[in-house]
>>> print(open('upload.pdb').read())   # PDB, N, CA, C and O atoms, pLDDT in the B column
ATOM      1  N   MET A  29     -53.523 -73.195 -14.855  1.00 55.00           N
ATOM      2  CA  MET A  29     -52.303 -73.881 -14.503  1.00 55.00           C
ATOM      3  C   MET A  29     -51.480 -74.198 -15.746  1.00 55.00           C
ATOM      4  O   MET A  29     -50.302 -73.891 -15.798  1.00 55.00           O
ATOM      5  N   VAL A  30     -52.075 -74.778 -16.739  1.00 62.00           N
ATOM      6  CA  VAL A  30     -51.366 -75.157 -17.955  1.00 62.00           C
ATOM      7  C   VAL A  30     -50.993 -73.930 -18.776  1.00 62.00           C
ATOM      8  O   VAL A  30     -50.075 -73.957 -19.573  1.00 62.00           O
ATOM      9  N   ASN A  31     -51.679 -72.837 -18.520  1.00 82.00           N
ATOM     10  CA  ASN A  31     -51.457 -71.616 -19.272  1.00 82.00           C
ATOM     11  C   ASN A  31     -50.006 -71.151 -19.218  1.00 82.00           C
ATOM     12  O   ASN A  31     -49.452 -70.724 -20.225  1.00 82.00           O
ATOM     13  N   PHE A  32     -49.363 -71.231 -18.069  1.00 77.00           N
ATOM     14  CA  PHE A  32     -47.987 -70.756 -17.985  1.00 77.00           C
ATOM     15  C   PHE A  32     -47.050 -71.627 -18.802  1.00 77.00           C
ATOM     16  O   PHE A  32     -46.067 -71.138 -19.351  1.00 77.00           O
ATOM     17  N   TYR A  33     -47.339 -72.940 -18.897  1.00 75.00           N
ATOM     18  CA  TYR A  33     -46.523 -73.800 -19.760  1.00 75.00           C
ATOM     19  C   TYR A  33     -46.629 -73.335 -21.207  1.00 75.00           C
ATOM     20  O   TYR A  33     -45.643 -73.252 -21.922  1.00 75.00           O
ATOM     21  N   LYS A  34     -47.840 -73.050 -21.616  1.00 83.00           N
ATOM     22  CA  LYS A  34     -48.074 -72.607 -22.991  1.00 83.00           C
ATOM     23  C   LYS A  34     -47.331 -71.297 -23.264  1.00 83.00           C
ATOM     24  O   LYS A  34     -46.679 -71.149 -24.299  1.00 83.00           O
ATOM     25  N   GLU A  35     -47.429 -70.368 -22.336  1.00 87.00           N
ATOM     26  CA  GLU A  35     -46.756 -69.074 -22.496  1.00 87.00           C
ATOM     27  C   GLU A  35     -45.236 -69.237 -22.509  1.00 87.00           C
ATOM     28  O   GLU A  35     -44.541 -68.613 -23.310  1.00 87.00           O
ATOM     29  N   ALA A  36     -44.712 -70.065 -21.637  1.00 83.00           N
ATOM     30  CA  ALA A  36     -43.265 -70.287 -21.585  1.00 83.00           C
ATOM     31  C   ALA A  36     -42.781 -70.960 -22.863  1.00 83.00           C
ATOM     32  O   ALA A  36     -41.731 -70.589 -23.406  1.00 83.00           O
ATOM     33  N   ASN A  37     -43.537 -71.925 -23.348  1.00 83.00           N
ATOM     34  CA  ASN A  37     -43.163 -72.595 -24.600  1.00 83.00           C
ATOM     35  C   ASN A  37     -43.199 -71.627 -25.777  1.00 83.00           C
ATOM     36  O   ASN A  37     -42.341 -71.677 -26.654  1.00 83.00           O
ATOM     37  N   GLU A  38     -44.177 -70.758 -25.794  1.00 90.00           N
ATOM     38  CA  GLU A  38     -44.249 -69.773 -26.869  1.00 90.00           C
ATOM     39  C   GLU A  38     -43.066 -68.810 -26.795  1.00 90.00           C
ATOM     40  O   GLU A  38     -42.455 -68.481 -27.818  1.00 90.00           O
ATOM     41  N   SER A  39     -42.730 -68.386 -25.600  1.00 90.00           N
ATOM     42  CA  SER A  39     -41.571 -67.499 -25.429  1.00 90.00           C
ATOM     43  C   SER A  39     -40.299 -68.192 -25.910  1.00 90.00           C
ATOM     44  O   SER A  39     -39.475 -67.587 -26.609  1.00 90.00           O
ATOM     45  N   PHE A  40     -40.146 -69.450 -25.531  1.00 89.00           N
ATOM     46  CA  PHE A  40     -38.961 -70.194 -25.954  1.00 89.00           C
ATOM     47  C   PHE A  40     -38.935 -70.371 -27.463  1.00 89.00           C
ATOM     48  O   PHE A  40     -37.878 -70.297 -28.085  1.00 89.00           O
ATOM     49  N   TYR A  41     -40.086 -70.573 -28.075  1.00 93.00           N
ATOM     50  CA  TYR A  41     -40.183 -70.680 -29.533  1.00 93.00           C
ATOM     51  C   TYR A  41     -39.605 -69.427 -30.196  1.00 93.00           C
ATOM     52  O   TYR A  41     -38.784 -69.506 -31.115  1.00 93.00           O
ATOM     53  N   TRP A  42     -40.012 -68.257 -29.712  1.00 95.00           N
ATOM     54  CA  TRP A  42     -39.537 -67.003 -30.303  1.00 95.00           C
ATOM     55  C   TRP A  42     -38.058 -66.775 -30.022  1.00 95.00           C
ATOM     56  O   TRP A  42     -37.325 -66.254 -30.870  1.00 95.00           O
ATOM     57  N   ILE A  43     -37.601 -67.188 -28.867  1.00 95.00           N
ATOM     58  CA  ILE A  43     -36.177 -67.072 -28.552  1.00 95.00           C
ATOM     59  C   ILE A  43     -35.354 -67.944 -29.496  1.00 95.00           C
ATOM     60  O   ILE A  43     -34.286 -67.536 -29.971  1.00 95.00           O
ATOM     61  N   LYS A  44     -35.851 -69.153 -29.784  1.00 94.00           N
ATOM     62  CA  LYS A  44     -35.149 -70.026 -30.734  1.00 94.00           C
ATOM     63  C   LYS A  44     -35.096 -69.397 -32.119  1.00 94.00           C
ATOM     64  O   LYS A  44     -34.071 -69.494 -32.805  1.00 94.00           O
ATOM     65  N   ILE A  45     -36.166 -68.745 -32.526  1.00 97.00           N
ATOM     66  CA  ILE A  45     -36.164 -68.060 -33.828  1.00 97.00           C
ATOM     67  C   ILE A  45     -35.118 -66.947 -33.838  1.00 97.00           C
ATOM     68  O   ILE A  45     -34.361 -66.794 -34.810  1.00 97.00           O
ATOM     69  N   LEU A  46     -35.069 -66.167 -32.754  1.00 96.00           N
ATOM     70  CA  LEU A  46     -34.062 -65.100 -32.670  1.00 96.00           C
ATOM     71  C   LEU A  46     -32.649 -65.674 -32.755  1.00 96.00           C
ATOM     72  O   LEU A  46     -31.773 -65.115 -33.412  1.00 96.00           O
ATOM     73  N   TYR A  47     -32.439 -66.800 -32.114  1.00 97.00           N
ATOM     74  CA  TYR A  47     -31.125 -67.447 -32.140  1.00 97.00           C
ATOM     75  C   TYR A  47     -30.798 -67.982 -33.532  1.00 97.00           C
ATOM     76  O   TYR A  47     -29.702 -67.749 -34.050  1.00 97.00           O
ATOM     77  N   ARG A  48     -31.733 -68.659 -34.145  1.00 97.00           N
ATOM     78  CA  ARG A  48     -31.493 -69.256 -35.464  1.00 97.00           C
ATOM     79  C   ARG A  48     -31.287 -68.216 -36.560  1.00 97.00           C
ATOM     80  O   ARG A  48     -30.671 -68.510 -37.582  1.00 97.00           O
ATOM     81  N   THR A  49     -31.804 -67.025 -36.352  1.00 97.00           N
ATOM     82  CA  THR A  49     -31.614 -65.951 -37.339  1.00 97.00           C
ATOM     83  C   THR A  49     -30.441 -65.044 -36.960  1.00 97.00           C
ATOM     84  O   THR A  49     -30.271 -63.970 -37.537  1.00 97.00           O
ATOM     85  N   ASN A  50     -29.654 -65.501 -35.992  1.00 97.00           N
ATOM     86  CA  ASN A  50     -28.457 -64.789 -35.535  1.00 97.00           C
ATOM     87  C   ASN A  50     -28.754 -63.408 -34.960  1.00 97.00           C
ATOM     88  O   ASN A  50     -27.899 -62.531 -34.975  1.00 97.00           O
ATOM     89  N   TYR A  51     -29.951 -63.232 -34.445  1.00 97.00           N
ATOM     90  CA  TYR A  51     -30.296 -61.965 -33.814  1.00 97.00           C
ATOM     91  C   TYR A  51     -29.754 -61.905 -32.394  1.00 97.00           C
ATOM     92  O   TYR A  51     -29.460 -60.834 -31.891  1.00 97.00           O
ATOM     93  N   ILE A  52     -29.631 -63.079 -31.756  1.00 97.00           N
ATOM     94  CA  ILE A  52     -28.998 -63.154 -30.429  1.00 97.00           C
ATOM     95  C   ILE A  52     -27.849 -64.158 -30.494  1.00 97.00           C
ATOM     96  O   ILE A  52     -27.852 -65.078 -31.317  1.00 97.00           O
ATOM     97  N   SER A  53     -26.900 -63.983 -29.621  1.00 97.00           N
ATOM     98  CA  SER A  53     -25.704 -64.839 -29.605  1.00 97.00           C
ATOM     99  C   SER A  53     -25.961 -66.151 -28.863  1.00 97.00           C
ATOM    100  O   SER A  53     -26.993 -66.320 -28.205  1.00 97.00           O
ATOM    101  N   ASP A  54     -24.978 -67.029 -28.935  1.00 97.00           N
ATOM    102  CA  ASP A  54     -25.045 -68.300 -28.196  1.00 97.00           C
ATOM    103  C   ASP A  54     -25.189 -68.042 -26.694  1.00 97.00           C
ATOM    104  O   ASP A  54     -25.982 -68.693 -26.014  1.00 97.00           O
ATOM    105  N   VAL A  55     -24.421 -67.101 -26.202  1.00 97.00           N
ATOM    106  CA  VAL A  55     -24.438 -66.793 -24.772  1.00 97.00           C
ATOM    107  C   VAL A  55     -25.809 -66.253 -24.360  1.00 97.00           C
ATOM    108  O   VAL A  55     -26.366 -66.668 -23.331  1.00 97.00           O
ATOM    109  N   GLU A  56     -26.356 -65.350 -25.146  1.00 97.00           N
ATOM    110  CA  GLU A  56     -27.686 -64.800 -24.843  1.00 97.00           C
ATOM    111  C   GLU A  56     -28.748 -65.894 -24.887  1.00 97.00           C
ATOM    112  O   GLU A  56     -29.625 -65.950 -24.026  1.00 97.00           O
ATOM    113  N   PHE A  57     -28.656 -66.756 -25.888  1.00 97.00           N
ATOM    114  CA  PHE A  57     -29.622 -67.845 -26.024  1.00 97.00           C
ATOM    115  C   PHE A  57     -29.582 -68.762 -24.805  1.00 97.00           C
ATOM    116  O   PHE A  57     -30.626 -69.078 -24.229  1.00 97.00           O
ATOM    117  N   GLU A  58     -28.394 -69.182 -24.408  1.00 97.00           N
ATOM    118  CA  GLU A  58     -28.271 -70.083 -23.263  1.00 97.00           C
ATOM    119  C   GLU A  58     -28.772 -69.419 -21.983  1.00 97.00           C
ATOM    120  O   GLU A  58     -29.422 -70.058 -21.159  1.00 97.00           O
ATOM    121  N   SER A  59     -28.486 -68.150 -21.838  1.00 97.00           N
ATOM    122  CA  SER A  59     -28.943 -67.422 -20.652  1.00 97.00           C
ATOM    123  C   SER A  59     -30.471 -67.360 -20.610  1.00 97.00           C
ATOM    124  O   SER A  59     -31.081 -67.629 -19.566  1.00 97.00           O
ATOM    125  N   LEU A  60     -31.082 -67.028 -21.722  1.00 95.00           N
ATOM    126  CA  LEU A  60     -32.542 -66.950 -21.778  1.00 95.00           C
ATOM    127  C   LEU A  60     -33.185 -68.320 -21.590  1.00 95.00           C
ATOM    128  O   LEU A  60     -34.203 -68.458 -20.908  1.00 95.00           O
ATOM    129  N   LYS A  61     -32.568 -69.329 -22.170  1.00 94.00           N
ATOM    130  CA  LYS A  61     -33.077 -70.692 -22.023  1.00 94.00           C
ATOM    131  C   LYS A  61     -33.076 -71.108 -20.548  1.00 94.00           C
ATOM    132  O   LYS A  61     -34.056 -71.659 -20.048  1.00 94.00           O
ATOM    133  N   LEU A  62     -31.982 -70.821 -19.856  1.00 95.00           N
ATOM    134  CA  LEU A  62     -31.897 -71.157 -18.430  1.00 95.00           C
ATOM    135  C   LEU A  62     -32.945 -70.398 -17.619  1.00 95.00           C
ATOM    136  O   LEU A  62     -33.552 -70.955 -16.696  1.00 95.00           O
ATOM    137  N   LYS A  63     -33.166 -69.141 -17.950  1.00 94.00           N
ATOM    138  CA  LYS A  63     -34.158 -68.349 -17.224  1.00 94.00           C
ATOM    139  C   LYS A  63     -35.564 -68.890 -17.427  1.00 94.00           C
ATOM    140  O   LYS A  63     -36.349 -68.961 -16.484  1.00 94.00           O
ATOM    141  N   ILE A  64     -35.884 -69.283 -18.647  1.00 89.00           N
ATOM    142  CA  ILE A  64     -37.209 -69.864 -18.907  1.00 89.00           C
ATOM    143  C   ILE A  64     -37.376 -71.162 -18.123  1.00 89.00           C
ATOM    144  O   ILE A  64     -38.417 -71.404 -17.522  1.00 89.00           O
ATOM    145  N   GLU A  65     -36.344 -71.987 -18.116  1.00 90.00           N
ATOM    146  CA  GLU A  65     -36.408 -73.243 -17.362  1.00 90.00           C
ATOM    147  C   GLU A  65     -36.595 -72.972 -15.871  1.00 90.00           C
ATOM    148  O   GLU A  65     -37.368 -73.665 -15.207  1.00 90.00           O
ATOM    149  N   GLU A  66     -35.899 -71.970 -15.348  1.00 93.00           N
ATOM    150  CA  GLU A  66     -36.041 -71.613 -13.933  1.00 93.00           C
ATOM    151  C   GLU A  66     -37.462 -71.150 -13.622  1.00 93.00           C
ATOM    152  O   GLU A  66     -38.037 -71.519 -12.593  1.00 93.00           O
ATOM    153  N   ILE A  67     -38.023 -70.343 -14.502  1.00 87.00           N
ATOM    154  CA  ILE A  67     -39.387 -69.842 -14.303  1.00 87.00           C
ATOM    155  C   ILE A  67     -40.382 -71.001 -14.308  1.00 87.00           C
ATOM    156  O   ILE A  67     -41.263 -71.072 -13.454  1.00 87.00           O
ATOM    157  N   ILE A  68     -40.242 -71.913 -15.253  1.00 84.00           N
ATOM    158  CA  ILE A  68     -41.144 -73.069 -15.326  1.00 84.00           C
ATOM    159  C   ILE A  68     -41.031 -73.904 -14.048  1.00 84.00           C
ATOM    160  O   ILE A  68     -42.042 -74.309 -13.469  1.00 84.00           O
ATOM    161  N   ASN A  69     -39.804 -74.147 -13.603  1.00 89.00           N
ATOM    162  CA  ASN A  69     -39.611 -74.939 -12.382  1.00 89.00           C
ATOM    163  C   ASN A  69     -40.209 -74.249 -11.165  1.00 89.00           C
ATOM    164  O   ASN A  69     -40.850 -74.888 -10.326  1.00 89.00           O
ATOM    165  N   LEU A  70     -40.028 -72.951 -11.069  1.00 89.00           N
ATOM    166  CA  LEU A  70     -40.582 -72.192  -9.952  1.00 89.00           C
ATOM    167  C   LEU A  70     -42.108 -72.242  -9.958  1.00 89.00           C
ATOM    168  O   LEU A  70     -42.742 -72.526  -8.932  1.00 89.00           O
ATOM    169  N   LEU A  71     -42.700 -71.987 -11.099  1.00 84.00           N
ATOM    170  CA  LEU A  71     -44.161 -72.006 -11.194  1.00 84.00           C
ATOM    171  C   LEU A  71     -44.726 -73.402 -10.938  1.00 84.00           C
ATOM    172  O   LEU A  71     -45.772 -73.544 -10.309  1.00 84.00           O
ATOM    173  N   THR A  72     -44.028 -74.415 -11.401  1.00 84.00           N
ATOM    174  CA  THR A  72     -44.461 -75.790 -11.157  1.00 84.00           C
ATOM    175  C   THR A  72     -44.456 -76.081  -9.654  1.00 84.00           C
ATOM    176  O   THR A  72     -45.408 -76.663  -9.126  1.00 84.00           O
ATOM    177  N   SER A  73     -43.411 -75.654  -8.972  1.00 88.00           N
ATOM    178  CA  SER A  73     -43.336 -75.850  -7.516  1.00 88.00           C
ATOM    179  C   SER A  73     -44.462 -75.118  -6.793  1.00 88.00           C
ATOM    180  O   SER A  73     -45.063 -75.668  -5.866  1.00 88.00           O
ATOM    181  N   ILE A  74     -44.734 -73.906  -7.222  1.00 84.00           N
ATOM    182  CA  ILE A  74     -45.816 -73.125  -6.592  1.00 84.00           C
ATOM    183  C   ILE A  74     -47.149 -73.826  -6.770  1.00 84.00           C
ATOM    184  O   ILE A  74     -47.918 -73.969  -5.823  1.00 84.00           O
ATOM    185  N   ILE A  75     -47.418 -74.317  -7.957  1.00 82.00           N
ATOM    186  CA  ILE A  75     -48.699 -74.981  -8.208  1.00 82.00           C
ATOM    187  C   ILE A  75     -48.799 -76.279  -7.419  1.00 82.00           C
ATOM    188  O   ILE A  75     -49.828 -76.572  -6.826  1.00 82.00           O
ATOM    189  N   LYS A  76     -47.720 -77.054  -7.393  1.00 84.00           N
ATOM    190  CA  LYS A  76     -47.733 -78.307  -6.632  1.00 84.00           C
ATOM    191  C   LYS A  76     -47.979 -78.045  -5.155  1.00 84.00           C
ATOM    192  O   LYS A  76     -48.769 -78.723  -4.509  1.00 84.00           O
ATOM    193  N   SER A  77     -47.309 -77.041  -4.605  1.00 85.00           N
ATOM    194  CA  SER A  77     -47.472 -76.775  -3.183  1.00 85.00           C
ATOM    195  C   SER A  77     -48.831 -76.167  -2.878  1.00 85.00           C
ATOM    196  O   SER A  77     -49.396 -76.435  -1.829  1.00 85.00           O
ATOM    197  N   SER A  78     -49.392 -75.402  -3.793  1.00 80.00           N
ATOM    198  CA  SER A  78     -50.731 -74.848  -3.544  1.00 80.00           C
ATOM    199  C   SER A  78     -51.784 -75.951  -3.612  1.00 80.00           C
ATOM    200  O   SER A  78     -52.784 -75.900  -2.884  1.00 80.00           O
ATOM    201  N   LYS A  79     -51.563 -76.966  -4.431  1.00 79.00           N
ATOM    202  CA  LYS A  79     -52.504 -78.100  -4.473  1.00 79.00           C
ATOM    203  C   LYS A  79     -52.441 -78.906  -3.175  1.00 79.00           C
ATOM    204  O   LYS A  79     -53.437 -79.387  -2.691  1.00 79.00           O
ATOM    205  N   LEU A  80     -51.224 -79.051  -2.650  1.00 78.00           N
ATOM    206  CA  LEU A  80     -51.078 -79.792  -1.400  1.00 78.00           C
ATOM    207  C   LEU A  80     -51.704 -79.060  -0.220  1.00 78.00           C
ATOM    208  O   LEU A  80     -52.192 -79.682   0.714  1.00 78.00           O
ATOM    209  N   ASN A  81     -51.689 -77.742  -0.281  1.00 79.00           N
ATOM    210  CA  ASN A  81     -52.210 -76.934   0.822  1.00 79.00           C
ATOM    211  C   ASN A  81     -53.717 -76.652   0.713  1.00 79.00           C
ATOM    212  O   ASN A  81     -54.290 -76.071   1.607  1.00 79.00           O
ATOM    213  N   SER A  82     -54.338 -77.058  -0.391  1.00 70.00           N
ATOM    214  CA  SER A  82     -55.770 -76.779  -0.516  1.00 70.00           C
ATOM    215  C   SER A  82     -56.626 -77.947  -0.108  1.00 70.00           C
ATOM    216  O   SER A  82     -56.253 -78.959   0.287  1.00 70.00           O
TER
END
>>> encode(input="upload.pdb", output="structure tokens")
Amino acid sequence: MVNFYKEANESFYWIKILYRTNYISDVEFESLKLKIEEIINLLTSIIKSSKLNS
């Protein structure tokens, strides 16, 4: 369960590095950031609902 948080945080870490080194633009960074947040929220909902159903 916690594994996806770790993976998402690591992905975001690398995205921030790409942004800070000007490898990706502001627009790309914000888009990727929103997608990571959406994925975390979706996975969190799935885990919460699977716990309720078990």
>>> atom_distance(input="upload.pdb", atom1="atom N of Lys34 (chain A)", atom2="CA of Ile52 (chain A)")
23.0 Å
>>> closest_residue(input="upload.pdb", among="A:Leu62, A:Lys79, A:Thr72, A:Phe57", to="Trp42 (chain A)", atoms="only C-alpha atoms")
A:Phe57
>>> resolve_selection(input="upload.pdb", expression="the PyMOL selection byres (((chain A and resi 43 and name CA) around 12) and name CA)", output="list in words")
Ala36, Asn37, Glu38, Ser39, Phe40, Tyr41, Trp42, Lys44, Ile45, Leu46, Tyr47, Arg48, Thr49, Asn50, Tyr51, Ile52, Ser53, Asp54, Glu56, Phe57, Glu58, Ser59, Leu60, Lys61, Leu62, Lys63 and Ile64 of chain A
>>> axis_aligned_box(input="upload.pdb", around="region 38-53 of chain A", padding_each_side="4 Å", output="JSON")
{"center_x": -35.0, "center_y": -65.8, "center_z": -31.5, "size_x": 26.5, "size_y": 17.9, "size_z": 20.2}
>>> atom_distance(input="upload.pdb", atom1="CA of Ile67 (chain A)", atom2="CA of Val55 (chain A)")
18.5 Å
>>> atom_distance(input="upload.pdb", atom1="atom C of Ile68 (chain A)", atom2="atom C of Tyr33 (chain A)")
9.1 Å
>>> decode(input="upload.pdb", residues="region 46-58 of chain A", atoms="N, CA and C atoms", output="compact mmCIF listing (two decimals), in the first residue's frame")
# COMPACT_ATOMS: atom_id res chain seq x y z
N LEU A 46 14.22 17.63 -13.29
CA LEU A 46 14.12 18.00 -14.71
C LEU A 46 13.68 19.46 -14.86
N TYR A 47 12.76 19.88 -14.03
CA TYR A 47 12.28 21.26 -14.07
C TYR A 47 13.37 22.24 -13.63
N ARG A 48 14.03 21.95 -12.55
CA ARG A 48 15.06 22.86 -12.02
C ARG A 48 16.27 22.98 -12.94
N THR A 49 16.50 21.98 -13.76
CA THR A 49 17.62 22.04 -14.71
C THR A 49 17.16 22.52 -16.09
N ASN A 50 15.94 23.03 -16.14
CA ASN A 50 15.36 23.58 -17.37
C ASN A 50 15.22 22.56 -18.49
N TYR A 51 15.11 21.30 -18.13
CA TYR A 51 14.91 20.27 -19.13
C TYR A 51 13.45 20.21 -19.56
N ILE A 52 12.55 20.58 -18.64
CA ILE A 52 11.12 20.68 -18.99
C ILE A 52 10.63 22.08 -18.64
N SER A 53 9.60 22.51 -19.31
CA SER A 53 9.07 23.86 -19.12
C SER A 53 8.13 23.93 -17.91
N ASP A 54 7.73 25.15 -17.60
CA ASP A 54 6.76 25.36 -16.51
C ASP A 54 5.45 24.61 -16.80
N VAL A 55 5.01 24.70 -18.03
CA VAL A 55 3.75 24.06 -18.42
C VAL A 55 3.86 22.54 -18.28
N GLU A 56 4.96 21.98 -18.75
CA GLU A 56 5.16 20.53 -18.64
C GLU A 56 5.23 20.10 -17.17
N PHE A 57 5.94 20.88 -16.37
CA PHE A 57 6.07 20.57 -14.95
C PHE A 57 4.70 20.56 -14.27
N GLU A 58 3.92 21.60 -14.49
CA GLU A 58 2.60 21.68 -13.86
C GLU A 58 1.70 20.54 -14.31
